Amino acid sequence: MLTTYCHTYSLSTVVANRPTAKAMDISSLPRIDVSSTVYSERYAVYIAYSNKVKMMEWISDRFDEEITYHLPNNGDLKLSILGIGSGDGKFEVKMIMKLKKKFRLIDCTVVEPSAERMASYRKLVKDEKNALFGVTFDWRQETFQEFCKANPDRSKKFHFVSLIHCAYYIHKRDLDYYMDVITRWTEGKILIMQDADVSIFGLLDKKFPGVYNGLRPLILGDTIMDSFKTLGMSFETSSLPCELDITACFDNDSRDGKLLLDFLLQVVGLVDDGPPEALKMVKEFLKSEGFSYTRNGRNWVENPTQVIIITPTSRKM
């Protein structure tokens with residue numbers, strides 16, 4: 001089993017003895033399009049205020065033991081890997097560099113719907129061209145759903161597939177299908193990193209039921225693990241203790257605060273155009289005792305990431 005990096009708490013711990021808030025309607029606000037610049041600028045702010053260093057540490061310290069050493073033991077093999085929702089490539093390239101120590105040749109298929117983030121990934125590859133010698137890239141600017149539709153009868157299997165914080169935009173009703181596709185396309189290892197149920201998104205959804213309805217299908221770590229259980233797949237899991245600095249959210253004049261609140265609720269214009277009562281309810285919850293905490297004059301919330309590793313040959317059905 002994977003090493004568990006932190007003691008996690010349950011949703012009931014955070015919301016215990018606190019009545020559920022009345023329904024919060026922000027449906028009048030436009031949703032964020034994942035492939036747009038609007039999304040990219042809000043996501044950039046979210047990452048800037050996130051302590052995601054633990055994810056990089058996991059790749060540095062655990063990736064070889066949990067992934068590399070379990071892939072085909074043939075250094076002459078051209079390793080075939082798939083990155084789903086690869087973003088700007090920072091996590092993926094780090095993993096590729098780890099794999100390069102064992103495999104001279106790697107063929108990487110990059111699936112990313114955002115032209116802006118794919119351009120950043122391409123630039124990173126160019127900057128690291130010496131370290132990435134022997135790695136070829138197949139760039140697919142599309143969603144994973146579009147990639148699946150374009151490859152309905154794919155026979156060639158991938159040795160490694162990664163989904164790093166990218167399964168949010170798969171509808172729950174379709175999740176089992178796409179997770180099944182991934183396992184059938186893979187003959188090595190699958191690595192998924194996703195917000196845990198006790199992440200800020202999970203807790204906002206728990207406090208304000210339906211807040212993401214129609215805006216963002218809320219797929220969290222437990223949702224994905226339940227899907228693999230349905231498919232009869234065994235998996236290993238652990239939790240990484242990430243944090244999010246939410247101080248800027250309480251300053252209505254802060255551009256970063258506005259963009260961060262937008263990202264957390266997956267809408268555009270919450271502060272300037274949203275219902276004042278909704279903004280008040282969100283801020284009160286973000287600052288409530290048992291949810292956030294103060295350190296060095298800043299407001300923080302725990303925002304753990306769930307690590308899930310699947311070996312497709314472990315299918316029980």
# chains A, B, ... in the order shown; residues from 1 in each chain; ligands from 1
>>> residues_around(residues="Asp262 (chain A)", least_positions_apart="4", cutoff="10 Å", atoms="only C-alpha atoms", output="NGL selection string")
:A and (29 or 31-32 or 39 or 42-43 or 46 or 249 or 256-258 or 266-271)
>>> write_last_selection(atoms="all heavy atoms", output="compact mmCIF listing (two decimals), in the first residue's frame")
# COMPACT_ATOMS: atom_id res chain seq x y z
N LEU A 29 -24.86 33.25 -12.83
CA LEU A 29 -23.50 33.57 -13.25
C LEU A 29 -23.02 32.57 -14.30
O LEU A 29 -23.32 31.38 -14.22
CB LEU A 29 -22.55 33.54 -12.05
CG LEU A 29 -22.82 34.58 -10.97
CD1 LEU A 29 -21.92 34.33 -9.76
CD2 LEU A 29 -22.59 36.00 -11.51
N ARG A 31 -20.71 29.92 -16.19
CA ARG A 31 -19.77 28.93 -15.70
C ARG A 31 -18.43 29.13 -16.40
O ARG A 31 -18.34 29.79 -17.43
CB ARG A 31 -20.28 27.51 -15.94
CG ARG A 31 -20.41 27.13 -17.40
CD ARG A 31 -20.62 25.63 -17.55
NE ARG A 31 -19.47 24.90 -17.12
CZ ARG A 31 -19.42 23.56 -17.01
NH1 ARG A 31 -20.50 22.85 -17.24
NH2 ARG A 31 -18.33 22.95 -16.64
N ILE A 32 -17.40 28.56 -15.83
CA ILE A 32 -16.07 28.66 -16.41
C ILE A 32 -15.87 27.57 -17.45
O ILE A 32 -16.08 26.39 -17.18
CB ILE A 32 -14.98 28.54 -15.32
CG1 ILE A 32 -15.11 29.68 -14.30
CG2 ILE A 32 -13.60 28.55 -15.93
CD1 ILE A 32 -14.12 29.59 -13.15
N TYR A 39 -10.65 30.47 -17.70
CA TYR A 39 -10.29 29.39 -16.77
C TYR A 39 -8.81 29.46 -16.41
O TYR A 39 -8.44 29.35 -15.24
CB TYR A 39 -10.60 28.04 -17.40
CG TYR A 39 -10.19 26.86 -16.54
CD1 TYR A 39 -11.07 26.29 -15.63
CD2 TYR A 39 -8.90 26.33 -16.62
CE1 TYR A 39 -10.69 25.22 -14.83
CE2 TYR A 39 -8.51 25.27 -15.82
CZ TYR A 39 -9.40 24.71 -14.93
OH TYR A 39 -9.01 23.67 -14.14
N ARG A 42 -7.83 32.07 -13.81
CA ARG A 42 -8.33 31.75 -12.47
C ARG A 42 -7.59 30.55 -11.89
O ARG A 42 -7.28 30.51 -10.70
CB ARG A 42 -9.84 31.49 -12.53
CG ARG A 42 -10.64 32.79 -12.62
CD ARG A 42 -12.01 32.62 -13.24
NE ARG A 42 -12.72 33.91 -13.25
CZ ARG A 42 -12.47 34.89 -14.11
NH1 ARG A 42 -11.54 34.74 -15.05
NH2 ARG A 42 -13.15 36.02 -14.06
N TYR A 43 -7.30 29.58 -12.73
CA TYR A 43 -6.55 28.42 -12.28
C TYR A 43 -5.13 28.82 -11.85
O TYR A 43 -4.60 28.31 -10.86
CB TYR A 43 -6.48 27.37 -13.39
CG TYR A 43 -5.68 26.15 -13.02
CD1 TYR A 43 -6.17 25.24 -12.09
CD2 TYR A 43 -4.43 25.90 -13.60
CE1 TYR A 43 -5.45 24.11 -11.73
CE2 TYR A 43 -3.70 24.78 -13.25
CZ TYR A 43 -4.21 23.88 -12.32
OH TYR A 43 -3.48 22.78 -11.98
N TYR A 46 -5.33 30.17 -8.41
CA TYR A 46 -5.54 29.06 -7.49
C TYR A 46 -4.24 28.33 -7.19
O TYR A 46 -3.91 28.04 -6.03
CB TYR A 46 -6.58 28.10 -8.09
CG TYR A 46 -6.76 26.80 -7.33
CD1 TYR A 46 -7.40 26.77 -6.10
CD2 TYR A 46 -6.29 25.60 -7.86
CE1 TYR A 46 -7.58 25.58 -5.41
CE2 TYR A 46 -6.47 24.40 -7.18
CZ TYR A 46 -7.10 24.40 -5.95
OH TYR A 46 -7.26 23.21 -5.28
N CYS A 249 -9.47 36.17 -0.50
CA CYS A 249 -10.92 36.04 -0.72
C CYS A 249 -11.73 37.04 0.10
O CYS A 249 -12.88 37.33 -0.23
CB CYS A 249 -11.38 34.62 -0.37
SG CYS A 249 -10.76 33.34 -1.47
N ASP A 256 -6.88 39.08 -7.21
CA ASP A 256 -6.62 37.66 -6.95
C ASP A 256 -7.75 37.04 -6.14
O ASP A 256 -8.15 35.90 -6.39
CB ASP A 256 -5.30 37.49 -6.19
CG ASP A 256 -4.08 37.64 -7.10
OD1 ASP A 256 -4.27 37.83 -8.32
OD2 ASP A 256 -2.95 37.55 -6.59
N GLY A 257 -8.26 37.80 -5.17
CA GLY A 257 -9.36 37.30 -4.35
C GLY A 257 -10.59 37.01 -5.18
O GLY A 257 -11.27 35.98 -5.00
N LYS A 258 -10.91 37.90 -6.12
CA LYS A 258 -12.07 37.70 -6.99
C LYS A 258 -11.89 36.47 -7.87
O LYS A 258 -12.81 35.66 -8.01
CB LYS A 258 -12.27 38.94 -7.87
CG LYS A 258 -12.68 40.20 -7.11
CD LYS A 258 -12.82 41.40 -8.05
CE LYS A 258 -13.20 42.66 -7.28
NZ LYS A 258 -13.33 43.82 -8.20
N GLN A 266 -16.43 27.90 -9.41
CA GLN A 266 -16.50 27.56 -10.84
C GLN A 266 -17.48 28.43 -11.61
O GLN A 266 -18.23 27.96 -12.47
CB GLN A 266 -16.84 26.07 -11.02
CG GLN A 266 -15.72 25.14 -10.60
CD GLN A 266 -14.50 25.24 -11.51
OE1 GLN A 266 -14.53 24.80 -12.64
NE2 GLN A 266 -13.44 25.84 -11.01
N VAL A 267 -17.46 29.73 -11.28
CA VAL A 267 -18.30 30.70 -11.98
C VAL A 267 -17.43 31.91 -12.33
O VAL A 267 -16.27 32.00 -11.94
CB VAL A 267 -19.50 31.16 -11.12
CG1 VAL A 267 -20.45 30.00 -10.87
CG2 VAL A 267 -19.02 31.76 -9.79
N VAL A 268 -18.03 32.84 -13.07
CA VAL A 268 -17.33 34.08 -13.43
C VAL A 268 -18.08 35.26 -12.83
O VAL A 268 -19.28 35.43 -13.06
CB VAL A 268 -17.26 34.24 -14.97
CG1 VAL A 268 -16.53 35.53 -15.34
CG2 VAL A 268 -16.57 33.04 -15.61
N GLY A 269 -17.37 36.08 -12.04
CA GLY A 269 -17.95 37.32 -11.53
C GLY A 269 -18.71 37.21 -10.22
O GLY A 269 -19.64 37.99 -10.00
N LEU A 270 -18.32 36.30 -9.35
CA LEU A 270 -19.05 36.13 -8.09
C LEU A 270 -19.06 37.41 -7.26
O LEU A 270 -20.11 37.82 -6.75
CB LEU A 270 -18.43 34.99 -7.26
CG LEU A 270 -19.07 34.75 -5.89
CD1 LEU A 270 -20.51 34.30 -6.04
CD2 LEU A 270 -18.27 33.72 -5.08
N VAL A 271 -17.91 38.07 -7.13
CA VAL A 271 -17.82 39.26 -6.28
C VAL A 271 -18.56 40.45 -6.90
O VAL A 271 -19.34 41.14 -6.23
CB VAL A 271 -16.35 39.63 -6.01
CG1 VAL A 271 -16.26 40.98 -5.27
CG2 VAL A 271 -15.66 38.54 -5.20
>>> residues_around(residues="Met24 (chain A)", least_positions_apart="4", cutoff="12 Å", atoms="only C-alpha atoms", output="compact mmCIF listing (two decimals) with N, CA and C atoms, in the first residue's frame")
# COMPACT_ATOMS: atom_id res chain seq x y z
N THR A 20 -26.90 23.01 8.01
CA THR A 20 -26.63 23.22 6.59
C THR A 20 -27.20 24.56 6.17
N SER A 28 -27.22 32.25 -12.00
CA SER A 28 -27.29 33.35 -12.95
C SER A 28 -25.91 33.72 -13.49
N LEU A 204 -17.26 22.70 0.40
CA LEU A 204 -18.23 23.68 -0.10
C LEU A 204 -19.48 22.97 -0.61
N ASP A 205 -19.29 21.84 -1.28
CA ASP A 205 -20.43 21.08 -1.79
C ASP A 205 -21.26 20.50 -0.65
N LYS A 207 -21.47 21.83 2.41
CA LYS A 207 -22.13 22.93 3.11
C LYS A 207 -23.29 23.52 2.30
N PHE A 208 -23.09 23.64 1.00
CA PHE A 208 -24.10 24.23 0.13
C PHE A 208 -24.50 23.20 -0.93
N PRO A 209 -25.34 22.24 -0.56
CA PRO A 209 -25.71 21.16 -1.49
C PRO A 209 -26.22 21.71 -2.82
N GLY A 210 -25.67 21.17 -3.90
CA GLY A 210 -26.11 21.58 -5.23
C GLY A 210 -25.43 22.81 -5.77
N VAL A 211 -24.46 23.37 -5.03
CA VAL A 211 -23.83 24.60 -5.48
C VAL A 211 -23.12 24.41 -6.82
N TYR A 212 -22.63 23.21 -7.09
CA TYR A 212 -21.94 22.97 -8.36
C TYR A 212 -22.87 22.36 -9.41
N ASN A 213 -24.12 22.13 -9.05
CA ASN A 213 -25.06 21.49 -9.97
C ASN A 213 -25.24 22.34 -11.23
N LEU A 265 -15.83 28.41 -6.84
CA LEU A 265 -17.25 28.17 -7.13
C LEU A 265 -17.49 27.83 -8.59
N GLY A 274 -22.39 38.62 -8.67
CA GLY A 274 -23.17 37.60 -7.99
C GLY A 274 -24.10 38.16 -6.95
N PRO A 275 -25.05 37.36 -6.49
CA PRO A 275 -25.96 37.80 -5.43
C PRO A 275 -25.17 38.11 -4.16
N PRO A 276 -25.34 39.30 -3.57
CA PRO A 276 -24.59 39.68 -2.36
C PRO A 276 -24.76 38.67 -1.23
N GLU A 277 -25.96 38.11 -1.10
CA GLU A 277 -26.20 37.15 -0.02
C GLU A 277 -25.36 35.89 -0.23
N ALA A 278 -25.21 35.48 -1.47
CA ALA A 278 -24.40 34.29 -1.77
C ALA A 278 -22.94 34.54 -1.42
N LEU A 279 -22.43 35.70 -1.78
CA LEU A 279 -21.04 36.05 -1.47
C LEU A 279 -20.83 36.07 0.04
N LYS A 280 -21.79 36.64 0.77
CA LYS A 280 -21.70 36.71 2.22
C LYS A 280 -21.66 35.31 2.83
N MET A 281 -22.52 34.43 2.33
CA MET A 281 -22.58 33.06 2.87
C MET A 281 -21.27 32.31 2.63
N VAL A 282 -20.70 32.48 1.46
CA VAL A 282 -19.44 31.80 1.14
C VAL A 282 -18.32 32.30 2.04
>>> closest_atom_pairs(of="region 129-213 of chain A", to="region 58-74 of chain A", cutoff="8 Å", atoms="only C-alpha atoms", output="tab-separated table")
residue	atom	partner	partner_atom	distance
A:His159	CA	A:Leu71	CA	6.9
A:Phe160	CA	A:Leu71	CA	7.8
A:Gly188	CA	A:Leu71	CA	5.6
A:Lys189	CA	A:Ile67	CA	6.5
>>> closest_atom_pairs(of="region 104-209 of chain A", to="region 292-313 of chain A", cutoff="7 Å", atoms="only C-alpha atoms", output="CSV")
residue,atom,partner,partner_atom,distance
A:Thr183,CA,A:Pro312,CA,5.2
A:Thr186,CA,A:Pro312,CA,6.6
A:Glu187,CA,A:Pro312,CA,6.3
A:Gly188,CA,A:Thr311,CA,6.3
A:Lys189,CA,A:Thr311,CA,5.1
A:Ile190,CA,A:Ile310,CA,5.1
A:Leu191,CA,A:Ile309,CA,4.8
A:Ile192,CA,A:Ile308,CA,5.1
A:Met193,CA,A:Val307,CA,4.7
A:Gln194,CA,A:Gln306,CA,5.2
A:Asp195,CA,A:Thr305,CA,4.6
A:Ala196,CA,A:Gln306,CA,4.9
A:Val198,CA,A:Pro304,CA,7.0
A:Ser199,CA,A:Asn303,CA,4.3
A:Ile200,CA,A:Asn303,CA,5.6
>>> write_last_selection(atoms="N, CA and C atoms", output="PDB file, in the first residue's frame")
ATOM      1  N   THR A 183      -8.710   1.780 -18.011  1.00  0.00           N
ATOM      2  CA  THR A 183      -8.113   0.518 -17.560  1.00  0.00           C
ATOM      3  C   THR A 183      -7.911  -0.443 -18.726  1.00  0.00           C
ATOM      4  N   THR A 186      -4.738   0.347 -20.733  1.00  0.00           N
ATOM      5  CA  THR A 186      -3.475   0.363 -19.995  1.00  0.00           C
ATOM      6  C   THR A 186      -3.048  -1.037 -19.594  1.00  0.00           C
ATOM      7  N   GLU A 187      -1.758  -1.326 -19.756  1.00  0.00           N
ATOM      8  CA  GLU A 187      -1.224  -2.613 -19.328  1.00  0.00           C
ATOM      9  C   GLU A 187      -0.104  -2.453 -18.300  1.00  0.00           C
ATOM     10  N   GLY A 188      -0.003  -1.278 -17.717  1.00  0.00           N
ATOM     11  CA  GLY A 188       1.016  -1.031 -16.711  1.00  0.00           C
ATOM     12  C   GLY A 188       0.419  -0.443 -15.441  1.00  0.00           C
ATOM     13  N   LYS A 189       0.526   0.880 -15.306  1.00  0.00           N
ATOM     14  CA  LYS A 189       0.034   1.567 -14.115  1.00  0.00           C
ATOM     15  C   LYS A 189      -0.759   2.810 -14.501  1.00  0.00           C
ATOM     16  N   ILE A 190      -1.739   3.121 -13.675  1.00  0.00           N
ATOM     17  CA  ILE A 190      -2.520   4.351 -13.814  1.00  0.00           C
ATOM     18  C   ILE A 190      -2.344   5.161 -12.534  1.00  0.00           C
ATOM     19  N   LEU A 191      -1.980   6.422 -12.682  1.00  0.00           N
ATOM     20  CA  LEU A 191      -1.814   7.318 -11.533  1.00  0.00           C
ATOM     21  C   LEU A 191      -2.843   8.432 -11.618  1.00  0.00           C
ATOM     22  N   ILE A 192      -3.654   8.554 -10.575  1.00  0.00           N
ATOM     23  CA  ILE A 192      -4.654   9.618 -10.501  1.00  0.00           C
ATOM     24  C   ILE A 192      -4.398  10.449  -9.253  1.00  0.00           C
ATOM     25  N   MET A 193      -4.353  11.760  -9.422  1.00  0.00           N
ATOM     26  CA  MET A 193      -4.320  12.686  -8.290  1.00  0.00           C
ATOM     27  C   MET A 193      -5.534  13.583  -8.417  1.00  0.00           C
ATOM     28  N   GLN A 194      -6.355  13.599  -7.377  1.00  0.00           N
ATOM     29  CA  GLN A 194      -7.634  14.313  -7.428  1.00  0.00           C
ATOM     30  C   GLN A 194      -7.912  14.921  -6.062  1.00  0.00           C
ATOM     31  N   ASP A 195      -8.661  16.022  -6.033  1.00  0.00           N
ATOM     32  CA  ASP A 195      -9.043  16.603  -4.749  1.00  0.00           C
ATOM     33  C   ASP A 195      -9.739  15.551  -3.887  1.00  0.00           C
ATOM     34  N   ALA A 196      -9.348  15.479  -2.620  1.00  0.00           N
ATOM     35  CA  ALA A 196      -9.969  14.539  -1.693  1.00  0.00           C
ATOM     36  C   ALA A 196     -11.364  15.026  -1.310  1.00  0.00           C
ATOM     37  N   VAL A 198     -12.392  15.756   1.467  1.00  0.00           N
ATOM     38  CA  VAL A 198     -12.294  16.815   2.468  1.00  0.00           C
ATOM     39  C   VAL A 198     -11.490  18.003   1.942  1.00  0.00           C
ATOM     40  N   SER A 199     -11.380  18.115   0.619  1.00  0.00           N
ATOM     41  CA  SER A 199     -10.789  19.304   0.017  1.00  0.00           C
ATOM     42  C   SER A 199     -11.785  20.452   0.137  1.00  0.00           C
ATOM     43  N   ILE A 200     -11.348  21.638  -0.203  1.00  0.00           N
ATOM     44  CA  ILE A 200     -12.219  22.803  -0.106  1.00  0.00           C
ATOM     45  C   ILE A 200     -13.443  22.649  -1.014  1.00  0.00           C
TER      46      ILE A 200
END
>>> residues_around(residues="region 137-145 of chain A", least_positions_apart="5", cutoff="9 Å", atoms="only C-alpha atoms", output="PDB file with N, CA, C and O atoms, in the first residue's frame")
ATOM      1  N   SER A  35     -11.562  25.180 -21.290  1.00  0.00           N
ATOM      2  CA  SER A  35     -10.589  25.375 -22.360  1.00  0.00           C
ATOM      3  C   SER A  35     -10.289  26.845 -22.625  1.00  0.00           C
ATOM      4  O   SER A  35      -9.538  27.177 -23.545  1.00  0.00           O
ATOM      5  N   ILE A  84      -3.634  12.647 -19.447  1.00  0.00           N
ATOM      6  CA  ILE A  84      -4.997  13.154 -19.636  1.00  0.00           C
ATOM      7  C   ILE A  84      -5.155  14.439 -18.836  1.00  0.00           C
ATOM      8  O   ILE A  84      -4.955  14.462 -17.630  1.00  0.00           O
ATOM      9  N   GLY A  85      -5.506  15.531 -19.521  1.00  0.00           N
ATOM     10  CA  GLY A  85      -5.581  16.822 -18.854  1.00  0.00           C
ATOM     11  C   GLY A  85      -4.206  17.242 -18.386  1.00  0.00           C
ATOM     12  O   GLY A  85      -4.011  17.588 -17.221  1.00  0.00           O
ATOM     13  N   ILE A 106      10.568   7.082 -25.194  1.00  0.00           N
ATOM     14  CA  ILE A 106       9.221   7.247 -24.641  1.00  0.00           C
ATOM     15  C   ILE A 106       8.355   7.967 -25.656  1.00  0.00           C
ATOM     16  O   ILE A 106       8.762   8.967 -26.255  1.00  0.00           O
ATOM     17  N   ASP A 107       7.166   7.447 -25.860  1.00  0.00           N
ATOM     18  CA  ASP A 107       6.176   8.075 -26.731  1.00  0.00           C
ATOM     19  C   ASP A 107       5.048   8.589 -25.839  1.00  0.00           C
ATOM     20  O   ASP A 107       4.341   7.801 -25.212  1.00  0.00           O
ATOM     21  N   CYS A 108       4.892   9.894 -25.785  1.00  0.00           N
ATOM     22  CA  CYS A 108       3.929  10.514 -24.863  1.00  0.00           C
ATOM     23  C   CYS A 108       2.783  11.167 -25.637  1.00  0.00           C
ATOM     24  O   CYS A 108       3.011  12.069 -26.443  1.00  0.00           O
ATOM     25  N   THR A 109       1.573  10.697 -25.381  1.00  0.00           N
ATOM     26  CA  THR A 109       0.377  11.315 -25.950  1.00  0.00           C
ATOM     27  C   THR A 109      -0.177  12.310 -24.935  1.00  0.00           C
ATOM     28  O   THR A 109      -0.477  11.942 -23.797  1.00  0.00           O
ATOM     29  N   VAL A 110      -0.285  13.558 -25.339  1.00  0.00           N
ATOM     30  CA  VAL A 110      -0.726  14.632 -24.449  1.00  0.00           C
ATOM     31  C   VAL A 110      -2.143  15.051 -24.831  1.00  0.00           C
ATOM     32  O   VAL A 110      -2.378  15.528 -25.944  1.00  0.00           O
ATOM     33  N   VAL A 111      -3.085  14.873 -23.912  1.00  0.00           N
ATOM     34  CA  VAL A 111      -4.476  15.275 -24.145  1.00  0.00           C
ATOM     35  C   VAL A 111      -4.788  16.460 -23.240  1.00  0.00           C
ATOM     36  O   VAL A 111      -4.824  16.329 -22.012  1.00  0.00           O
ATOM     37  N   GLU A 112      -4.984  17.622 -23.833  1.00  0.00           N
ATOM     38  CA  GLU A 112      -5.218  18.854 -23.076  1.00  0.00           C
ATOM     39  C   GLU A 112      -6.085  19.799 -23.913  1.00  0.00           C
ATOM     40  O   GLU A 112      -5.695  20.180 -25.021  1.00  0.00           O
ATOM     41  N   PRO A 113      -7.266  20.184 -23.416  1.00  0.00           N
ATOM     42  CA  PRO A 113      -8.173  21.012 -24.222  1.00  0.00           C
ATOM     43  C   PRO A 113      -7.772  22.478 -24.365  1.00  0.00           C
ATOM     44  O   PRO A 113      -8.189  23.147 -25.306  1.00  0.00           O
ATOM     45  N   SER A 114      -6.960  22.987 -23.449  1.00  0.00           N
ATOM     46  CA  SER A 114      -6.615  24.405 -23.463  1.00  0.00           C
ATOM     47  C   SER A 114      -5.411  24.687 -24.353  1.00  0.00           C
ATOM     48  O   SER A 114      -4.315  24.162 -24.122  1.00  0.00           O
ATOM     49  N   ALA A 115      -5.602  25.535 -25.360  1.00  0.00           N
ATOM     50  CA  ALA A 115      -4.495  25.912 -26.246  1.00  0.00           C
ATOM     51  C   ALA A 115      -3.412  26.638 -25.473  1.00  0.00           C
ATOM     52  O   ALA A 115      -2.212  26.458 -25.731  1.00  0.00           O
ATOM     53  N   MET A 118      -1.469  24.094 -23.359  1.00  0.00           N
ATOM     54  CA  MET A 118      -0.665  23.243 -24.229  1.00  0.00           C
ATOM     55  C   MET A 118       0.550  24.001 -24.756  1.00  0.00           C
ATOM     56  O   MET A 118       1.646  23.438 -24.896  1.00  0.00           O
ATOM     57  N   ARG A 122       4.429  22.870 -24.421  1.00  0.00           N
ATOM     58  CA  ARG A 122       5.359  22.808 -25.544  1.00  0.00           C
ATOM     59  C   ARG A 122       6.634  23.617 -25.255  1.00  0.00           C
ATOM     60  O   ARG A 122       7.749  23.184 -25.598  1.00  0.00           O
ATOM     61  N   ALA A 150     -12.636   9.749 -30.696  1.00  0.00           N
ATOM     62  CA  ALA A 150     -11.814   9.652 -31.896  1.00  0.00           C
ATOM     63  C   ALA A 150     -11.050   8.328 -31.968  1.00  0.00           C
ATOM     64  O   ALA A 150     -10.499   7.981 -33.020  1.00  0.00           O
ATOM     65  N   ILE A 170     -15.715  15.313 -16.035  1.00  0.00           N
ATOM     66  CA  ILE A 170     -16.420  14.120 -16.500  1.00  0.00           C
ATOM     67  C   ILE A 170     -17.681  13.996 -15.654  1.00  0.00           C
ATOM     68  O   ILE A 170     -17.612  14.007 -14.429  1.00  0.00           O
ATOM     69  N   TYR A 178     -15.683   5.951 -18.542  1.00  0.00           N
ATOM     70  CA  TYR A 178     -14.356   6.466 -18.888  1.00  0.00           C
ATOM     71  C   TYR A 178     -13.253   5.819 -18.050  1.00  0.00           C
ATOM     72  O   TYR A 178     -12.141   5.597 -18.550  1.00  0.00           O
TER      73      TYR A 178
END
>>> select_by_dssp(residues="region 93-233 of chain A", states="strand (DSSP E)", output="PyMOL selection string")
chain A and resi 105-111+135-140+158-164+186-195
>>> select_by_dssp(residues="region 98-311 of chain A", states="helix (DSSP H, G or I)", output="PyMOL selection string")
chain A and resi 98-100+115-127+144-150+167-169+172-185+200-207+221-230+247-250+255-265+270-273+276-286
>>> atom_distance(atom1="CA of Cys166 (chain A)", atom2="CA of Leu82 (chain A)")
13.1 Å
>>> residues_around(residues="Val181 (chain A)", least_positions_apart="5", cutoff="10 Å", atoms="only C-alpha atoms", output="list in words")
Cys148, Pro152, Arg154, Leu175, Asp176 and Thr186 of chain A
>>> write_last_selection(atoms="N, CA and C atoms", output="PDB file, in the first residue's frame")
ATOM      1  N   CYS A 148     -11.430   9.924 -26.623  1.00  0.00           N
ATOM      2  CA  CYS A 148     -12.047   8.590 -26.614  1.00  0.00           C
ATOM      3  C   CYS A 148     -12.927   8.393 -27.840  1.00  0.00           C
ATOM      4  N   PRO A 152     -12.289   4.924 -30.816  1.00  0.00           N
ATOM      5  CA  PRO A 152     -13.242   3.991 -30.198  1.00  0.00           C
ATOM      6  C   PRO A 152     -12.745   2.546 -30.123  1.00  0.00           C
ATOM      7  N   ARG A 154      -9.369   1.497 -30.077  1.00  0.00           N
ATOM      8  CA  ARG A 154      -7.921   1.511 -29.884  1.00  0.00           C
ATOM      9  C   ARG A 154      -7.435   0.153 -29.389  1.00  0.00           C
ATOM     10  N   LEU A 175     -18.690   8.511 -15.502  1.00  0.00           N
ATOM     11  CA  LEU A 175     -17.387   8.241 -14.896  1.00  0.00           C
ATOM     12  C   LEU A 175     -16.993   6.774 -15.018  1.00  0.00           C
ATOM     13  N   ASP A 176     -17.907   5.853 -14.707  1.00  0.00           N
ATOM     14  CA  ASP A 176     -17.580   4.426 -14.781  1.00  0.00           C
ATOM     15  C   ASP A 176     -17.116   4.045 -16.185  1.00  0.00           C
ATOM     16  N   THR A 186      -4.738   0.347 -20.733  1.00  0.00           N
ATOM     17  CA  THR A 186      -3.475   0.363 -19.995  1.00  0.00           C
ATOM     18  C   THR A 186      -3.048  -1.037 -19.594  1.00  0.00           C
TER      19      THR A 186
END
>>> residues_around(residues="Lys126 (chain A)", least_positions_apart="6", cutoff="12 Å", atoms="only C-alpha atoms", output="list in words")
Gly89, Val93, Ala119, Ser120, Leu132, Phe133, Val135, Thr136 and Phe137 of chain A
>>> closest_residue(among="A:Lys129, A:Thr230, A:Lys172, A:Trp185", to="Asp153 (chain A)", atoms="only C-alpha atoms")
A:Trp185
